[in-house]
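Peer 1: I have a structure here, written as C-alpha cells, and I will follow up with some questions on it.
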Amino acid sequence: MKVAIVGATGYGGIELIRLLRQHRHVTEISVFSSTQAEAPLTETYPHLQDVYKGILQPLDTEKLANEYDVVFLSAPPGVAATLAGDLLKGTASIVDLSGDFRIKEPSVYEAWYGREAADATITGQAVYGLSEWNEETIKKAKIVANPGCYPTAILLGLAPAVKNNGIDMTSVIIDAKTGTTGAGKNPSPMTHFSELNESMKIYKVNEHKHTPEIEQQLFEWNEDAGAVTFTPHLVPMSRGIMATMYATCTSDSSAKAWLDVYKAAYEAHPFVRVRENGFPATKEVYGSNYCDIFLDYDARTNRLTIVSVIDNLVKGAAGQAIQNVNLMKAFKKTEGLESFPIYP
Ligand SMILES: NC(=O)C1=CN([C@@H]2O[C@H](COP(=O)(O)OP(=O)(O)OC[C@H]3O[C@@H](n4cnc5c(N)ncnc54)[C@H](OP(=O)(O)O)[C@@H]3O)[C@@H](O)[C@H]2O)C=CC1
Ligand SMILES: CC(=O)N[C@@H](CCC(=O)OP(=O)(O)O)C(=O)O
C-alpha cells in the first residue's frame with residue numbers, strides 16, 4: 001500500500017511515519033509540504049536520519065488523488081476542506097486528522113470553529129472515525145473524519161455508560177487534561193516552557209471546539225443527551241490526555257456492576273483496556289494506541305467517576321487514523337499499532 005502524508009512536518013505527520021514504518025502492508029510513504037518542498041524531512045527532524053529518507057514534495061492534488069492508496073491529511077483546520085473535493089475525484093482513500101468534517105451541522109461547525117464550514121456533501125460523506133464504535137461504516141468509507149484527541153478519550157470513556165441508559169445524561173461533567181503536543185509543533189505563549197513548567201492552566205472554558213463533537217456523538221448514542229460541561233486543562237507534559245467524567249446513575253449500582261458493563265463493551269477491542277484494579281496514568285499508555293479506562297461508583301452521591309487515558313498523538317491522532325485504515329482496507333486491526341507503552 002502506498003501512502004501519502006500532507007502536513008508531514010507536523011507532530012501528527014511524524015507520528016504517522018513512526019507507526020507506518022512498522023505496518024507490514026505499507027510499501028511507500030511519501031511526504032508533502034506546503035512550505036518546505038524539495039527539503040529532506042531530516043532537515044526538520046534529525047532523529048529520522050537513516051530511518052526515513054523521504055524528500056518533501058509540493059502539494060499536488062492530482063498526484064495525491066491517483067497515485068496513492070491512502071492520503072492522510074494532517075494539516076490545520078481549513079486545509080482538508082479546501083483539498084478534499086479534488087482528492088475525492090481520484091482513487092485514494094482519505095483520512096483527515098483535522099476537525100473539518102467531524103461536525104455534521106454546518107452552522108454548529110461555524111459557531112465553534114469560527115470559520116466557514118466545508119462543503120456539506122463532503123461532510124455528509126465523511127464517516128466519523130471513532131474506530132471501536134463505528135467499525136461497520138468505517139469499513140465502507142472513502143473519507144474518514146478522524147476524531148479529535150479529547151473526544152476520543154472522552155467518548156471511549158463514556159460510551160458503555162451512555163449506551164446502557166444507566167446515567168442521567170444531564171448530569172455529565174467532563175474534566176480533562178492534556179500535554180503540549182496537542183497544540184502542534186508551533187510554540188505559543190500558552191505552551192512556552194517557562195509559562196507552563198511547574199504550573200497548570202485551564203483554558204477555553206465552555207468554548208472548546210471539541211464540545212459539539214462530543215455532544216453530537218453522545219446524542220447519536222442516546223437521545224437524552226444534550227449540552228455537556230467540558231473543561232480542558234493544559235499540564236506540563238509532552239504527550240497524554242486524562243479525561244475524568246462524572247455522571248449521576250439512574251439507580252443504585254456498584255463499581256463491580258459497571259466494570260462488568262465496560263469489560264463486555266470492549267471485550268472484542270484490543271486497544272481499549274478496561275483496568276482490573278486502579279485508575280490509569282497517562283504514562284501507562286505513552287507512545288501506544290491504547291485507551292485505558294477505570295471507574296468507581298460512590299454510593300453516597302450515586303455518582304460514577306470514569307477515567308480514560310490516551311496518548312493524544314497515537315490513539316488521539318495518528319494511531320487511530322491507521323486503525324481506521326486497517327478497517328477500510330480489511331487489514332488486521334492491530335497492524336502497525338502493536339508497540340506497547342514506553343514506561344517509565
Ligand atoms: N497534535 C495532536 O495531538 C492532534 C492534532 N490533531 C489535528 O491534526 C492536524 C495536525 O496537527 P499537528 O500535527 O499537531 O499540527 P502541527 O502544527 O504540528 O502540523 C501541521 C502541519 O500542517 C502543515 N500545513 C500548514 N498549513 C498548511 C496548508 N495550508 N496546506 C497544507 N499543509 C499545511 C504544516 O506543514 P508544512 O508547512 O510543511 O506544509 C504543519 O507542519 C490538525 O488539524 C490538528 O488539529 C488531531 C488530533 C490530535
Ligand atoms: C494543548 C492544545 O491546545 N490542544 C488542542 C487540541 C486540539 C486538537 O488537536 O484539535 P483537533 O483534534 O480538533 O484537530 C486544543 O485544545 O485545541
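Chain identifiers are assigned as A, B, and so on, following the order in which chains appear in the C-alpha cells; residues are numbered from 1 within each chain, and ligands are numbered from 1 in order of appearance.
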Need to verify the contact set: stretch 44-56 of chain A, 10 Å, only C-alpha atoms, exclusion of same-chain residues closer than 6 positions in sequence. Can you return it as a ChimeraX atom specification?
Peer 2: /A:5-10,14,17-18,21,28-38
Peer 1: For C-alpha atoms, I'd like the residues from the last selection saved as an mmCIF file, in the first residue's frame.
Peer 2:
```
data_model
loop_
_atom_site.group_PDB
_atom_site.id
_atom_site.type_symbol
_atom_site.label_atom_id
_atom_site.label_comp_id
_atom_site.auth_asym_id
_atom_site.auth_seq_id
_atom_site.Cartn_x
_atom_site.Cartn_y
_atom_site.Cartn_z
ATOM 1 C CA ILE A 5 1.039 12.411 4.271
ATOM 2 C CA VAL A 6 0.037 16.059 3.885
ATOM 3 C CA GLY A 7 1.394 18.027 6.860
ATOM 4 C CA ALA A 8 4.254 15.573 7.367
ATOM 5 C CA THR A 9 6.388 18.260 9.013
ATOM 6 C CA GLY A 10 3.920 18.492 11.911
ATOM 7 C CA ILE A 14 5.861 12.438 12.038
ATOM 8 C CA ILE A 17 5.672 7.997 9.848
ATOM 9 C CA ARG A 18 6.824 6.352 13.104
ATOM 10 C CA ARG A 21 7.168 2.223 9.182
ATOM 11 C CA GLU A 28 5.912 3.533 0.330
ATOM 12 C CA ILE A 29 5.452 6.634 2.491
ATOM 13 C CA SER A 30 5.531 9.954 0.588
ATOM 14 C CA VAL A 31 5.563 13.263 2.405
ATOM 15 C CA PHE A 32 4.082 16.563 1.259
ATOM 16 C CA SER A 33 4.586 20.099 2.493
ATOM 17 C CA SER A 34 3.060 23.464 1.697
ATOM 18 C CA THR A 35 6.227 25.340 2.714
ATOM 19 C CA GLN A 36 9.297 23.071 2.547
ATOM 20 C CA ALA A 37 9.078 21.230 -0.782
ATOM 21 C CA GLU A 38 12.338 19.616 -2.010
#
```
Peer 1: Just want the 9 Å neighbourhood of A:Tyr128, counted on only C-alpha atoms, with same-chain residues fewer than 4 positions away dropped. Output as a list of chain:residue names.
Peer 2: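 Counting only the stated atoms, we get A:Phe101, A:Arg102, A:Ile103, A:Asn134, A:Thr137, A:Ile138, A:Val144, A:Ala145, A:Asn146, A:Pro147.
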Peer 1: So, with only C-alpha atoms and all ligand atoms as the atoms that count, which of A:Phe193, A:Asn312, A:Leu295, A:Val285 lies closest to ligand 1?
Peer 2: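 Residue with the minimum atom-to-atom distance to ligand 1: A:Asn312.
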Peer 1: Can you tell me, as a ChimeraX atom specification, which residues in stretch 14-197 of chain A count as helix (DSSP H, G or I) by DSSP?
Peer 2: /A:14-20,41-44,46-48,61-67,79-87,106-113,120-125,135-139,149-163,169-171,180-183,193-196
Peer 1: Just want the 8 Å neighbourhood of stretch 330-335 of chain A, counted on only C-alpha atoms, with same-chain residues fewer than 6 positions away dropped. Output as a list in words.
Peer 2: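 Residues near the query, excluding close chain neighbours: His23, Arg24, Lys139, Pro270 and Gln323 of chain A.
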Peer 1: Residues at most 6 Å from ligand 2, using only C-alpha atoms and all ligand atoms? Could they come as a PyMOL selection string?
Peer 2: chain A and resi 98-99+148-149+178-180+182-183+234
Peer 1: Nearest to A:Ser131: which of A:Ile94, A:Val71, A:Met200, A:Val272 is it, counting only C-alpha atoms?
Peer 2: A:Val272
Peer 1: Identify, with DSSP run on backbone atoms, the residues in stretch 99-236 of chain A assigned to strand (DSSP E or B), and express the list as a ChimeraX atom specification.
Peer 2: /A:127-128,143-145,167,173-178,201-202,229-234
Peer 1: Would you output that residue set with C-alpha atoms, as a tab-separated table (two decimals), in the first residue's frame?
Peer 2:
```tsv
chain	number	residue	atom	x	y	z
A	127	VAL	CA	-17.55	8.80	8.34
A	128	TYR	CA	-16.71	9.69	11.94
A	143	ILE	CA	-13.22	9.52	3.55
A	144	VAL	CA	-12.90	9.31	7.33
A	145	ALA	CA	-13.07	12.25	9.73
A	167	ILE	CA	-26.79	7.53	33.75
A	173	ILE	CA	-19.39	16.69	33.57
A	174	ILE	CA	-16.07	16.21	31.81
A	175	ASP	CA	-12.78	17.45	33.22
A	176	ALA	CA	-9.76	16.79	31.01
A	177	LYS	CA	-6.01	17.42	31.00
A	178	THR	CA	-3.67	17.40	28.03
A	201	LYS	CA	-3.71	26.06	33.07
A	202	ILE	CA	-7.42	25.90	32.50
A	229	THR	CA	-19.83	20.71	30.58
A	230	PHE	CA	-16.33	20.06	29.18
A	231	THR	CA	-13.37	21.76	30.84
A	232	PRO	CA	-9.87	21.34	29.33
A	233	HIS	CA	-6.58	21.94	31.14
A	234	LEU	CA	-3.00	22.12	29.91
```
Peer 1: From the list A:Leu196, A:Leu259, A:Ala317, A:Ile342, which residue is nearest ligand 1 when using only C-alpha atoms and all ligand atoms?
Peer 2: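 Going through A:Leu196, A:Leu259, A:Ala317, A:Ile342 one by one, the smallest distance to ligand 1 is for A:Ala317.
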Peer 1: Show me, as a PyMOL selection string, the residues that have an atom within 8 Å of A:Lys315 when counting only C-alpha atoms, minus same-chain residues fewer than 3 positions from it.
Peer 2: chain A and resi 149+152+288-291+310-312+318-320
Peer 1: Residues within 10 Å of A:Val274, please, as number ranges by chain. Count only C-alpha atoms; anything in the same chain fewer than 5 positions from it doesn't count.
Peer 2: A: 157, 259-260, 262-267, 279-280, 291-295, 308
Peer 1: Name the closest residue to ligand 1 among the candidates A:Lys209, A:Lys256, A:Arg300, A:Lys185; distances are taken between atoms, counting only C-alpha atoms and all ligand atoms.
Peer 2: A:Lys185
Peer 1: With only C-alpha atoms and all ligand atoms as the atoms that count, which of A:Lys283, A:Arg275, A:His208, A:Arg239 lies nearest to ligand 1?
Peer 2: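 Of A:Lys283, A:Arg275, A:His208, A:Arg239, the one nearest ligand 1, counting only C-alpha atoms and all ligand atoms, is A:Arg239.
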Peer 1: For the atom pair atom CA of A:Ala141 and atom 9 (C, counted along the ligand's line) of ligand 1, what is the interatomic distance in Å to one decimal place?
Peer 2: 19.9 Å
Peer 1: Which neighbours of A:Ser253 fall inside 12 Å, counting only C-alpha atoms, when residues of the same chain fewer than 5 positions from it are skipped, and could you give them as a list in words?
Peer 2: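 The filter keeps Gly166, Ile167, Thr248, Trp258, Leu259, Asp260, Val261, Asp296, Tyr297, Asp298, Ala299, Arg300, Thr301, Asn302, Arg303 and Leu304 of chain A.
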Peer 1: Just give me the gap between atom 23 (C, counted along the ligand's line) of ligand 1 and atom CA of A:Ser74 in Å, one decimal is fine.
Peer 2: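 Straight-line distance from atom 23 (C, counted along the ligand's line) of ligand 1 to atom CA of A:Ser74 works out to 6.9 Å.
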Peer 1: Using only C-alpha atoms, which residues sit within 8 Å of A:Lys2 once same-chain residues fewer than 2 positions away are excluded, as a PDB file with C-alpha atoms, in the first residue's frame?
Peer 2:
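What ended up in selection14.pdb:
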```
ATOM      1  CA  ALA A   4       0.926   9.974   1.360  1.00  0.00           C
ATOM      2  CA  VAL A  26       2.921  -0.178   3.656  1.00  0.00           C
ATOM      3  CA  THR A  27       5.378  -0.221   0.736  1.00  0.00           C
ATOM      4  CA  GLU A  28       5.912   3.533   0.330  1.00  0.00           C
ATOM      5  CA  ILE A  29       5.452   6.634   2.491  1.00  0.00           C
ATOM      6  CA  SER A  30       5.531   9.954   0.588  1.00  0.00           C
ATOM      7  CA  GLU A  67      -1.014   7.685  -7.101  1.00  0.00           C
ATOM      8  CA  TYR A  68      -1.665   6.633  -3.521  1.00  0.00           C
ATOM      9  CA  ASP A  69      -3.909   4.116  -1.854  1.00  0.00           C
ATOM     10  CA  VAL A  70      -4.344   6.290   1.228  1.00  0.00           C
TER      11      VAL A  70
END
```
Peer 1: Tell me which of A:Ser194, A:Asn326, A:Thr244, A:Thr181 sits closest to ligand 1, counting only C-alpha atoms and all ligand atoms.
Peer 2: A:Thr181
Peer 1: Could you tell me how far atom CA of A:Pro212 lies from atom CA of A:Tyr109, in Å and to one decimal?
Peer 2: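 That distance, rounded to one decimal, is 8.0 Å.
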